[in-house]
>>> print(open('protein06.json').read())   # JSON, C-alpha atoms
[["chain", "number", "residue", "atom", "x", "y", "z"],
["B", 1, "MET", "CA", 24.01, -22.03, -6.32],
["B", 2, "LYS", "CA", 24.75, -20.44, -2.94],
["B", 3, "LYS", "CA", 27.08, -17.99, -4.61],
["B", 4, "LEU", "CA", 24.40, -17.01, -7.14],
["B", 5, "LEU", "CA", 21.87, -16.49, -4.35],
["B", 6, "MET", "CA", 24.38, -14.31, -2.51],
["B", 7, "TYR", "CA", 24.88, -12.12, -5.62],
["B", 8, "VAL", "CA", 21.13, -11.77, -6.10],
["B", 9, "LEU", "CA", 20.71, -10.71, -2.44],
["B", 10, "LEU", "CA", 23.61, -8.26, -2.74],
["B", 11, "PHE", "CA", 22.14, -6.77, -5.93],
["B", 12, "CYS", "CA", 18.72, -6.35, -4.28],
["B", 13, "SER", "CA", 20.19, -4.74, -1.17],
["B", 14, "ILE", "CA", 22.23, -2.25, -3.25],
["B", 15, "LEU", "CA", 19.15, -1.42, -5.30],
["B", 16, "PHE", "CA", 17.04, -0.96, -2.17],
["B", 17, "THR", "CA", 19.68, 1.23, -0.48],
["B", 18, "SER", "CA", 20.17, 3.36, -3.60],
["B", 19, "CYS", "CA", 16.46, 3.96, -4.07],
["B", 20, "ASN", "CA", 16.00, 4.85, -0.42],
["B", 21, "SER", "CA", 18.91, 7.27, -0.33],
["B", 22, "ILE", "CA", 17.63, 9.26, -3.34],
["B", 23, "LYS", "CA", 14.10, 9.60, -1.95],
["B", 24, "THR", "CA", 12.66, 10.85, -5.22],
["B", 25, "ALA", "CA", 9.63, 9.31, -6.86],
["B", 26, "ILE", "CA", 10.43, 7.34, -9.98],
["B", 27, "PHE", "CA", 9.47, 8.45, -13.49],
["B", 28, "ASP", "CA", 5.73, 8.25, -13.99],
["B", 29, "GLN", "CA", 4.49, 7.82, -17.56],
["B", 30, "TYR", "CA", 1.00, 9.04, -16.61],
["B", 31, "SER", "CA", 2.37, 12.27, -15.07],
["B", 32, "TYR", "CA", 4.55, 12.87, -18.14],
["B", 33, "GLN", "CA", 1.65, 12.34, -20.56],
["B", 34, "GLN", "CA", -0.68, 14.56, -18.54],
["B", 35, "GLU", "CA", 1.91, 17.33, -18.29],
["B", 36, "VAL", "CA", 2.52, 17.33, -22.05],
["B", 37, "SER", "CA", -1.21, 17.17, -22.73],
["B", 38, "LEU", "CA", -2.04, 20.02, -20.31],
["B", 39, "LYS", "CA", 0.76, 22.15, -21.76],
["B", 40, "ILE", "CA", -0.72, 21.87, -25.26],
["B", 41, "GLU", "CA", -4.31, 22.37, -24.01],
["B", 42, "THR", "CA", -3.19, 25.52, -22.17],
["B", 43, "LYS", "CA", -1.35, 26.83, -25.23],
["B", 44, "VAL", "CA", -4.37, 26.27, -27.49],
["B", 45, "LEU", "CA", -6.75, 27.89, -24.99],
["B", 46, "LEU", "CA", -4.49, 30.92, -24.48],
["B", 47, "GLN", "CA", -4.54, 31.57, -28.24],
["B", 48, "HIS", "CA", -8.10, 32.79, -27.58],
["B", 49, "ALA", "CA", -7.25, 34.99, -24.58],
["B", 50, "MET", "CA", -7.59, 38.16, -26.68],
["B", 51, "GLU", "CA", -11.27, 37.25, -27.04],
["B", 52, "ASP", "CA", -14.05, 37.60, -24.46],
["B", 53, "TYR", "CA", -13.40, 35.34, -21.45],
["B", 54, "THR", "CA", -17.04, 34.33, -21.11],
["B", 55, "LEU", "CA", -16.87, 32.55, -24.48],
["B", 56, "TYR", "CA", -14.19, 30.23, -23.07],
["B", 57, "LYS", "CA", -15.23, 29.97, -19.43],
["B", 58, "THR", "CA", -16.24, 26.31, -19.76],
["B", 59, "GLN", "CA", -12.88, 25.35, -21.29],
["B", 60, "VAL", "CA", -10.97, 27.35, -18.67],
["B", 61, "ASP", "CA", -12.90, 25.68, -15.83],
["B", 62, "ALA", "CA", -12.28, 22.25, -17.37],
["B", 63, "LEU", "CA", -8.56, 22.95, -17.70],
["B", 64, "LEU", "CA", -8.29, 24.17, -14.10],
["B", 65, "LEU", "CA", -10.13, 21.07, -12.91],
["B", 66, "GLU", "CA", -7.68, 18.82, -14.79],
["B", 67, "MET", "CA", -4.77, 20.72, -13.26],
["B", 68, "GLU", "CA", -6.21, 20.39, -9.76],
["B", 69, "LYS", "CA", -6.59, 16.65, -10.30],
["B", 70, "MET", "CA", -2.94, 16.45, -11.29],
["B", 71, "GLU", "CA", -1.89, 18.43, -8.23],
["B", 72, "GLU", "CA", -3.80, 15.99, -6.03],
["B", 73, "TYR", "CA", -2.31, 13.01, -7.90],
["B", 74, "GLU", "CA", 1.24, 14.33, -7.37],
["B", 75, "LYS", "CA", 0.52, 15.23, -3.75],
["B", 76, "ASN", "CA", -0.28, 11.65, -2.85],
["B", 77, "LYS", "CA", 2.72, 10.00, -4.54],
["B", 78, "PRO", "CA", 5.44, 9.08, -2.04],
["B", 79, "ASP", "CA", 8.74, 11.05, -2.10],
["B", 80, "ASN", "CA", 7.30, 13.49, -4.59],
["B", 81, "ILE", "CA", 7.49, 16.84, -2.79],
["B", 82, "ILE", "CA", 9.28, 18.70, -5.63],
["B", 83, "SER", "CA", 6.69, 17.82, -8.30],
["B", 84, "TYR", "CA", 3.91, 18.61, -5.87],
["B", 85, "GLN", "CA", 5.42, 22.03, -5.04],
["B", 86, "MET", "CA", 5.73, 22.78, -8.76],
["B", 87, "TRP", "CA", 2.06, 21.92, -9.33],
["B", 88, "GLU", "CA", 1.05, 23.93, -6.29],
["B", 89, "LEU", "CA", 2.67, 27.04, -7.77],
["B", 90, "MET", "CA", 1.13, 26.49, -11.19],
["B", 91, "THR", "CA", -2.40, 26.00, -9.82],
["B", 92, "ASP", "CA", -2.26, 28.91, -7.36],
["B", 93, "ALA", "CA", -4.42, 31.70, -8.81],
["B", 94, "ASP", "CA", -2.55, 34.26, -6.69],
["B", 95, "LYS", "CA", 0.80, 33.40, -8.28],
["B", 96, "ASN", "CA", 1.90, 34.51, -11.72],
["B", 97, "SER", "CA", 1.75, 31.18, -13.43],
["B", 98, "VAL", "CA", -0.97, 29.17, -15.25],
["B", 99, "ALA", "CA", -3.93, 29.64, -12.88],
["B", 100, "GLY", "CA", -2.81, 33.22, -12.24],
["B", 101, "LEU", "CA", -2.90, 34.04, -15.95],
["B", 102, "LEU", "CA", -6.34, 32.45, -16.38],
["B", 103, "LYS", "CA", -7.57, 34.50, -13.41],
["B", 104, "ARG", "CA", -6.22, 37.67, -15.04],
["B", 105, "TRP", "CA", -8.02, 36.81, -18.29],
["B", 106, "LYS", "CA", -11.24, 36.39, -16.28],
["B", 107, "GLU", "CA", -10.75, 39.70, -14.44],
["B", 108, "LYS", "CA", -9.79, 41.70, -17.53],
["B", 109, "GLY", "CA", -12.36, 40.10, -19.82],
["B", 110, "GLN", "CA", -9.71, 39.81, -22.53],
["B", 111, "LEU", "CA", -5.93, 40.19, -22.77],
["B", 112, "THR", "CA", -3.95, 42.31, -25.19],
["B", 113, "ALA", "CA", -2.00, 40.55, -27.93],
["B", 114, "ALA", "CA", 1.44, 41.65, -26.74],
["B", 115, "PHE", "CA", 0.82, 40.73, -23.11],
["B", 116, "ASN", "CA", -0.77, 37.41, -24.00],
["B", 117, "GLN", "CA", 2.13, 36.46, -26.25],
["B", 118, "GLU", "CA", 4.73, 37.20, -23.57],
["B", 119, "ALA", "CA", 2.74, 35.65, -20.71],
["B", 120, "THR", "CA", 2.09, 32.49, -22.75],
["B", 121, "LYS", "CA", 5.86, 32.10, -23.27],
["B", 122, "GLN", "CA", 6.34, 32.29, -19.49],
["B", 123, "ILE", "CA", 3.62, 29.69, -18.91],
["B", 124, "MET", "CA", 5.07, 27.33, -21.52],
["B", 125, "SER", "CA", 8.48, 27.60, -19.80],
["B", 126, "ALA", "CA", 6.79, 26.69, -16.51],
["B", 127, "PHE", "CA", 5.33, 23.54, -18.08],
["B", 128, "ASP", "CA", 8.74, 22.75, -19.58],
["B", 129, "ALA", "CA", 10.33, 22.88, -16.12],
["B", 130, "LEU", "CA", 7.69, 20.45, -14.85],
["B", 131, "ILE", "CA", 8.16, 18.08, -17.80],
["B", 132, "LYS", "CA", 11.97, 18.23, -17.55],
["B", 133, "TYR", "CA", 11.77, 17.35, -13.89],
["B", 134, "GLU", "CA", 9.59, 14.31, -14.59],
["B", 135, "ILE", "CA", 12.01, 13.14, -17.29],
["B", 136, "SER", "CA", 14.97, 13.65, -14.93],
["B", 137, "LYS", "CA", 13.44, 11.10, -12.57],
["B", 138, "ASP", "CA", 13.84, 8.51, -15.29],
["B", 139, "LYS", "CA", 17.43, 9.63, -15.85],
["B", 140, "GLU", "CA", 18.14, 9.20, -12.16],
["B", 141, "LYS", "CA", 16.75, 5.69, -12.25],
["B", 142, "GLU", "CA", 18.92, 4.93, -15.27],
["B", 143, "ASN", "CA", 22.00, 6.38, -13.51],
["B", 144, "ILE", "CA", 21.35, 4.32, -10.39],
["B", 145, "LEU", "CA", 21.07, 1.13, -12.42],
["B", 146, "LEU", "CA", 24.21, 1.99, -14.42],
["B", 147, "GLU", "CA", 26.09, 2.62, -11.18],
["B", 148, "ILE", "CA", 24.96, -0.72, -9.76],
["B", 149, "ILE", "CA", 25.95, -2.54, -12.93],
["B", 150, "LYS", "CA", 29.35, -0.77, -12.96],
["B", 151, "ASN", "CA", 30.05, -1.75, -9.35],
["B", 152, "TYR", "CA", 28.75, -5.27, -9.66],
["L", 1, "MET", "CA", 16.86, 54.14, -25.07],
["L", 2, "ASP", "CA", 20.06, 52.40, -23.95],
["L", 3, "PHE", "CA", 18.94, 49.16, -22.33],
["L", 4, "GLU", "CA", 22.40, 48.31, -20.94],
["L", 5, "GLU", "CA", 22.38, 51.63, -19.06],
["L", 6, "ILE", "CA", 18.90, 50.92, -17.73],
["L", 7, "LEU", "CA", 20.08, 47.50, -16.55],
["L", 8, "LYS", "CA", 23.10, 49.04, -14.80],
["L", 9, "ALA", "CA", 20.83, 51.55, -13.05],
["L", 10, "LEU", "CA", 18.45, 48.76, -12.08],
["L", 11, "ARG", "CA", 21.26, 46.69, -10.55],
["L", 12, "ALA", "CA", 22.48, 49.73, -8.62],
["L", 13, "ASN", "CA", 18.95, 50.44, -7.33],
["L", 14, "LEU", "CA", 18.49, 46.84, -6.22],
["L", 15, "LEU", "CA", 21.81, 46.79, -4.39],
["L", 16, "ALA", "CA", 20.99, 50.14, -2.76],
["L", 17, "ALA", "CA", 17.71, 48.68, -1.52],
["L", 18, "LEU", "CA", 19.57, 45.70, -0.10],
["L", 19, "GLU", "CA", 22.01, 48.01, 1.65],
["L", 20, "GLU", "CA", 19.11, 50.00, 3.06],
["L", 21, "ASN", "CA", 17.62, 46.88, 4.64],
["L", 22, "HIS", "CA", 20.85, 45.29, 5.83],
["L", 23, "SER", "CA", 23.83, 47.32, 7.02],
["L", 24, "ALA", "CA", 26.12, 45.03, 5.04],
["L", 25, "TYR", "CA", 24.74, 42.81, 2.34],
["L", 26, "SER", "CA", 26.46, 39.51, 1.66],
["L", 27, "ASN", "CA", 28.12, 38.30, -1.54],
["L", 28, "GLN", "CA", 25.26, 35.82, -1.71],
["L", 29, "SER", "CA", 22.75, 38.68, -1.90],
["L", 30, "VAL", "CA", 24.66, 40.34, -4.73],
["L", 31, "ASN", "CA", 24.86, 37.00, -6.49],
["L", 32, "ASP", "CA", 21.11, 36.47, -6.07],
["L", 33, "ILE", "CA", 20.39, 39.83, -7.69],
["L", 34, "ASP", "CA", 22.71, 39.03, -10.60],
["L", 35, "VAL", "CA", 21.20, 35.57, -11.10],
["L", 36, "PHE", "CA", 17.72, 37.06, -11.10],
["L", 37, "LEU", "CA", 18.61, 39.76, -13.62],
["L", 38, "GLN", "CA", 20.59, 37.44, -15.88],
["L", 39, "SER", "CA", 17.77, 34.89, -15.87],
["L", 40, "PHE", "CA", 15.62, 37.21, -17.94],
["L", 41, "LYS", "CA", 17.83, 39.93, -19.38],
["L", 42, "GLU", "CA", 16.60, 39.35, -22.95],
["L", 43, "LYS", "CA", 12.98, 39.12, -21.89],
["L", 44, "LEU", "CA", 13.32, 42.25, -19.79],
["L", 45, "LYS", "CA", 14.73, 44.10, -22.79],
["L", 46, "ARG", "CA", 11.81, 42.92, -24.96],
["L", 47, "TRP", "CA", 9.23, 43.85, -22.29],
["L", 48, "THR", "CA", 10.88, 47.25, -21.83],
["L", 49, "ILE", "CA", 10.60, 47.98, -25.56],
["L", 50, "LEU", "CA", 6.97, 46.77, -25.63],
["L", 51, "PHE", "CA", 6.20, 49.01, -22.64],
["L", 52, "ALA", "CA", 7.98, 52.03, -24.15],
["L", 53, "GLU", "CA", 6.00, 51.53, -27.37],
["L", 54, "GLY", "CA", 2.72, 51.33, -25.44],
["L", 55, "HIS", "CA", 2.00, 47.66, -26.16],
["L", 56, "LEU", "CA", 2.21, 46.74, -22.47],
["L", 57, "THR", "CA", 0.74, 48.62, -19.52],
["L", 58, "GLU", "CA", 2.70, 49.06, -16.28],
["L", 59, "ASP", "CA", 0.39, 46.47, -14.74],
["L", 60, "ASP", "CA", 1.15, 44.00, -17.58],
["L", 61, "PHE", "CA", 4.85, 44.67, -17.13],
["L", 62, "GLU", "CA", 4.66, 44.00, -13.39],
["L", 63, "TRP", "CA", 2.73, 40.77, -13.97],
["L", 64, "LEU", "CA", 5.45, 39.53, -16.32],
["L", 65, "VAL", "CA", 8.27, 40.39, -13.90],
["L", 66, "LYS", "CA", 6.44, 38.51, -11.14],
["L", 67, "SER", "CA", 5.94, 35.56, -13.50],
["L", 68, "GLN", "CA", 9.71, 35.50, -13.99],
["L", 69, "LYS", "CA", 10.18, 35.25, -10.22],
["L", 70, "ASP", "CA", 7.75, 32.30, -10.14],
["L", 71, "LEU", "CA", 9.48, 30.70, -13.12],
["L", 72, "LEU", "CA", 12.79, 31.01, -11.30],
["L", 73, "VAL", "CA", 11.25, 29.20, -8.32],
["L", 74, "LEU", "CA", 10.16, 26.36, -10.65],
["L", 75, "GLU", "CA", 13.59, 26.17, -12.28],
["L", 76, "ASN", "CA", 15.24, 26.04, -8.86],
["L", 77, "LEU", "CA", 12.96, 23.21, -7.89],
["L", 78, "LEU", "CA", 13.94, 21.49, -11.14],
["L", 79, "GLN", "CA", 17.60, 21.76, -10.21],
["L", 80, "GLU", "CA", 16.98, 19.98, -6.93],
["L", 81, "GLY", "CA", 20.24, 19.61, -5.07],
["L", 82, "VAL", "CA", 22.04, 22.24, -7.13],
["L", 83, "SER", "CA", 22.91, 25.46, -5.30],
["L", 84, "LYS", "CA", 19.77, 27.49, -5.00],
["L", 85, "ILE", "CA", 19.47, 31.21, -4.86],
["L", 86, "SER", "CA", 17.80, 32.50, -1.73],
["L", 87, "LEU", "CA", 14.53, 33.72, -3.16],
["L", 88, "GLY", "CA", 13.65, 35.47, 0.05],
["L", 89, "HIS", "CA", 15.20, 38.60, -1.40],
["L", 90, "LEU", "CA", 13.01, 38.55, -4.45],
["L", 91, "LYS", "CA", 9.93, 39.72, -2.69],
["L", 92, "THR", "CA", 7.55, 42.55, -3.34],
["L", 93, "LYS", "CA", 10.11, 45.31, -2.85],
["L", 94, "ILE", "CA", 12.50, 43.92, -5.45],
["L", 95, "ILE", "CA", 9.69, 43.52, -7.98],
["L", 96, "LYS", "CA", 8.56, 47.08, -7.34],
["L", 97, "ILE", "CA", 12.10, 48.42, -7.86],
["L", 98, "VAL", "CA", 12.40, 46.54, -11.17],
["L", 99, "VAL", "CA", 9.05, 47.89, -12.39],
["L", 100, "LYS", "CA", 9.69, 51.44, -11.19],
["L", 101, "THR", "CA", 13.23, 51.68, -12.58],
["L", 102, "ILE", "CA", 12.30, 50.28, -15.97],
["L", 103, "THR", "CA", 9.04, 52.15, -16.46],
["L", 104, "VAL", "CA", 10.57, 55.49, -15.47],
["L", 105, "ALA", "CA", 13.65, 54.94, -17.68],
["L", 106, "ALA", "CA", 11.61, 53.67, -20.64],
["L", 107, "LEU", "CA", 9.37, 56.72, -20.63],
["L", 108, "ALA", "CA", 12.23, 59.22, -20.11]]
>>> encode(input="protein06.json", output="structure tokens")
Amino acid sequence: MKKLLMYVLLFCSILFTSCNSIKTAIFDQYSYQQEVSLKIETKVLLQHAMEDYTLYKTQVDALLLEMEKMEEYEKNKPDNIISYQMWELMTDADKNSVAGLLKRWKEKGQLTAAFNQEATKQIMSAFDALIKYEISKDKEKENILLEIIKNY
Amino acid sequence: MDFEEILKALRANLLAALEENHSAYSNQSVNDIDVFLQSFKEKLKRWTILFAEGHLTEDDFEWLVKSQKDLLVLENLLQEGVSKISLGHLKTKIIKIVVKTITVAALA
């Protein structure tokens, strides 16, 4: 019984040490779902960017609000600086990412087909980087557990 | 229009700009330029053709090049812990050189 207790304590201490040394937030199902959802919402909305901005202002504002909420959500998660920095870039209207493209649509009134097609590809790649990073957190967790099991 | 020649000229212009700013640029700086150019060689070719054909304005072209810089920042954040390129070099001047070199060459 004592031996079993010792193993349990050892396992917990290894797990605690491993998690602390990585200092990366664990995979968050909510973040992942929101990122995928916002990627598709952005893609659908940008399909209309060759049309007059004013027709889609409400949808653009709603999308930006959802993105700001996500930025705030990621900001307040512990050990989550990378995800937060990624969101910060994507929601900054002065950068050339999601909010920046929506700002350009607003300023120009409408975007040309060729530009919109190329810019949308860039934006989708930005979302992919964000989603891949969230998934990698789960992979890290899996690797930590595998390492612990291997060394046990 | 020979895109490979344009790319060679662009690389030379970027390295010349580096040399202008620093008496001796490091291998890291050269590497950063190459990583940046390689990261979007195919896209740059496509954007150059679209610009030459009049489907993109110079302003559109510049926006896309800047978006590539921001995408590279995101991808570097994604590869947390992996060697990162020093993005300090990829500031306004570099973007302007890319846009100027390509737009002049594409319209030549």
>>> closest_atom_pairs(input="protein06.json", of="chain L", to="chain B", cutoff="8 Å", atoms="only C-alpha atoms", output="JSON lines")
{"residue": "L:Leu50", "atom": "CA", "partner": "B:Ala114", "partner_atom": "CA", "distance": 7.6}
{"residue": "L:His55", "atom": "CA", "partner": "B:Ala114", "partner_atom": "CA", "distance": 6.1}
{"residue": "L:Leu56", "atom": "CA", "partner": "B:Phe115", "partner_atom": "CA", "distance": 6.2}
{"residue": "L:Asp60", "atom": "CA", "partner": "B:Phe115", "partner_atom": "CA", "distance": 6.4}
{"residue": "L:Trp63", "atom": "CA", "partner": "B:Asn96", "partner_atom": "CA", "distance": 6.7}
{"residue": "L:Leu64", "atom": "CA", "partner": "B:Ala119", "partner_atom": "CA", "distance": 6.5}
{"residue": "L:Lys66", "atom": "CA", "partner": "B:Asn96", "partner_atom": "CA", "distance": 6.1}
{"residue": "L:Ser67", "atom": "CA", "partner": "B:Asn96", "partner_atom": "CA", "distance": 4.5}
{"residue": "L:Gln68", "atom": "CA", "partner": "B:Gln122", "partner_atom": "CA", "distance": 7.2}
{"residue": "L:Asp70", "atom": "CA", "partner": "B:Asn96", "partner_atom": "CA", "distance": 6.5}
{"residue": "L:Leu71", "atom": "CA", "partner": "B:Ala126", "partner_atom": "CA", "distance": 5.9}
{"residue": "L:Leu74", "atom": "CA", "partner": "B:Met86", "partner_atom": "CA", "distance": 6.0}
{"residue": "L:Glu75", "atom": "CA", "partner": "B:Ala129", "partner_atom": "CA", "distance": 6.0}
{"residue": "L:Leu77", "atom": "CA", "partner": "B:Ile82", "partner_atom": "CA", "distance": 6.2}
{"residue": "L:Leu78", "atom": "CA", "partner": "B:Tyr133", "partner_atom": "CA", "distance": 5.4}
{"residue": "L:Glu80", "atom": "CA", "partner": "B:Ile82", "partner_atom": "CA", "distance": 7.9}
>>> write_last_selection(input="protein06.json", atoms="C-alpha atoms", output="mmCIF file, in the frame of the given file")
data_model
loop_
_atom_site.group_PDB
_atom_site.id
_atom_site.type_symbol
_atom_site.label_atom_id
_atom_site.label_comp_id
_atom_site.auth_asym_id
_atom_site.auth_seq_id
_atom_site.Cartn_x
_atom_site.Cartn_y
_atom_site.Cartn_z
ATOM 1 C CA LEU L 50 6.970 46.770 -25.630
ATOM 2 C CA HIS L 55 2.000 47.660 -26.160
ATOM 3 C CA LEU L 56 2.210 46.740 -22.470
ATOM 4 C CA ASP L 60 1.150 44.000 -17.580
ATOM 5 C CA TRP L 63 2.730 40.770 -13.970
ATOM 6 C CA LEU L 64 5.450 39.530 -16.320
ATOM 7 C CA LYS L 66 6.440 38.510 -11.140
ATOM 8 C CA SER L 67 5.940 35.560 -13.500
ATOM 9 C CA GLN L 68 9.710 35.500 -13.990
ATOM 10 C CA ASP L 70 7.750 32.300 -10.140
ATOM 11 C CA LEU L 71 9.480 30.700 -13.120
ATOM 12 C CA LEU L 74 10.160 26.360 -10.650
ATOM 13 C CA GLU L 75 13.590 26.170 -12.280
ATOM 14 C CA LEU L 77 12.960 23.210 -7.890
ATOM 15 C CA LEU L 78 13.940 21.490 -11.140
ATOM 16 C CA GLU L 80 16.980 19.980 -6.930
#
>>> residues_around(input="protein06.json", residues="Thr54 (chain B)", least_positions_apart="5", cutoff="12 Å", atoms="all atoms listed in the file", output="list in words")
His48, Ala49, Gln59, Val60, Asp61, Leu102, Trp105, Lys106, Glu107, Lys108, Gly109 and Gln110 of chain B
>>> atom_distance(input="protein06.json", atom1="CA of Tyr73 (chain B)", atom2="CA of Ser31 (chain B)")
8.6 Å
>>> residues_near_point(input="protein06.json", point="(22.5, 46.6, -11.1)", cutoff="12 Å", atoms="only C-alpha atoms", output="JSON list (two decimals) with C-alpha atoms, keeping the file's coordinate frame")
[["chain", "number", "residue", "atom", "x", "y", "z"],
["L", 4, "GLU", "CA", 22.40, 48.31, -20.94],
["L", 5, "GLU", "CA", 22.38, 51.63, -19.06],
["L", 6, "ILE", "CA", 18.90, 50.92, -17.73],
["L", 7, "LEU", "CA", 20.08, 47.50, -16.55],
["L", 8, "LYS", "CA", 23.10, 49.04, -14.80],
["L", 9, "ALA", "CA", 20.83, 51.55, -13.05],
["L", 10, "LEU", "CA", 18.45, 48.76, -12.08],
["L", 11, "ARG", "CA", 21.26, 46.69, -10.55],
["L", 12, "ALA", "CA", 22.48, 49.73, -8.62],
["L", 13, "ASN", "CA", 18.95, 50.44, -7.33],
["L", 14, "LEU", "CA", 18.49, 46.84, -6.22],
["L", 15, "LEU", "CA", 21.81, 46.79, -4.39],
["L", 16, "ALA", "CA", 20.99, 50.14, -2.76],
["L", 17, "ALA", "CA", 17.71, 48.68, -1.52],
["L", 18, "LEU", "CA", 19.57, 45.70, -0.10],
["L", 30, "VAL", "CA", 24.66, 40.34, -4.73],
["L", 31, "ASN", "CA", 24.86, 37.00, -6.49],
["L", 32, "ASP", "CA", 21.11, 36.47, -6.07],
["L", 33, "ILE", "CA", 20.39, 39.83, -7.69],
["L", 34, "ASP", "CA", 22.71, 39.03, -10.60],
["L", 35, "VAL", "CA", 21.20, 35.57, -11.10],
["L", 36, "PHE", "CA", 17.72, 37.06, -11.10],
["L", 37, "LEU", "CA", 18.61, 39.76, -13.62],
["L", 38, "GLN", "CA", 20.59, 37.44, -15.88],
["L", 41, "LYS", "CA", 17.83, 39.93, -19.38],
["L", 94, "ILE", "CA", 12.50, 43.92, -5.45],
["L", 97, "ILE", "CA", 12.10, 48.42, -7.86],
["L", 98, "VAL", "CA", 12.40, 46.54, -11.17],
["L", 101, "THR", "CA", 13.23, 51.68, -12.58],
["L", 102, "ILE", "CA", 12.30, 50.28, -15.97]]
>>> atom_distance(input="protein06.json", atom1="CA of Thr57 (chain L)", atom2="CA of Ala108 (chain L)")
15.6 Å
>>> atom_distance(input="protein06.json", atom1="CA of Met124 (chain B)", atom2="CA of Lys39 (chain B)")
6.7 Å
>>> build_atoms(input="protein06.json", residues="region 5-21 of chain L", atoms="N, CA and C atoms", output="CSV table (one decimal), in the frame of the given file")
chain,number,residue,atom,x,y,z
L,5,GLU,N,22.3,50.6,-20.1
L,5,GLU,CA,22.4,51.6,-19.1
L,5,GLU,C,21.2,51.5,-18.1
L,6,ILE,N,20.1,51.1,-18.6
L,6,ILE,CA,18.9,50.9,-17.7
L,6,ILE,C,19.2,49.7,-16.8
L,7,LEU,N,19.8,48.7,-17.3
L,7,LEU,CA,20.1,47.5,-16.6
L,7,LEU,C,21.1,47.8,-15.4
L,8,LYS,N,22.1,48.6,-15.8
L,8,LYS,CA,23.1,49.0,-14.8
L,8,LYS,C,22.4,49.8,-13.7
L,9,ALA,N,21.5,50.7,-14.0
L,9,ALA,CA,20.8,51.6,-13.0
L,9,ALA,C,19.9,50.7,-12.2
L,10,LEU,N,19.3,49.7,-12.8
L,10,LEU,CA,18.4,48.8,-12.1
L,10,LEU,C,19.2,48.0,-11.0
L,11,ARG,N,20.4,47.5,-11.5
L,11,ARG,CA,21.3,46.7,-10.6
L,11,ARG,C,21.7,47.6,-9.4
L,12,ALA,N,22.1,48.8,-9.7
L,12,ALA,CA,22.5,49.7,-8.6
L,12,ALA,C,21.3,50.0,-7.7
L,13,ASN,N,20.1,50.2,-8.2
L,13,ASN,CA,19.0,50.4,-7.3
L,13,ASN,C,18.6,49.2,-6.4
L,14,LEU,N,18.8,48.0,-7.0
L,14,LEU,CA,18.5,46.8,-6.2
L,14,LEU,C,19.5,46.7,-5.1
L,15,LEU,N,20.8,46.9,-5.4
L,15,LEU,CA,21.8,46.8,-4.4
L,15,LEU,C,21.6,47.9,-3.3
L,16,ALA,N,21.2,49.1,-3.7
L,16,ALA,CA,21.0,50.1,-2.8
L,16,ALA,C,19.9,49.8,-1.8
L,17,ALA,N,18.8,49.1,-2.4
L,17,ALA,CA,17.7,48.7,-1.5
L,17,ALA,C,18.2,47.6,-0.5
L,18,LEU,N,19.0,46.7,-1.0
L,18,LEU,CA,19.6,45.7,-0.1
L,18,LEU,C,20.3,46.3,1.0
L,19,GLU,N,21.2,47.3,0.7
L,19,GLU,CA,22.0,48.0,1.6
L,19,GLU,C,21.1,48.7,2.7
L,20,GLU,N,20.0,49.3,2.2
L,20,GLU,CA,19.1,50.0,3.1
L,20,GLU,C,18.5,49.1,4.1
L,21,ASN,N,18.2,47.8,3.7
L,21,ASN,CA,17.6,46.9,4.6
L,21,ASN,C,18.6,46.2,5.6
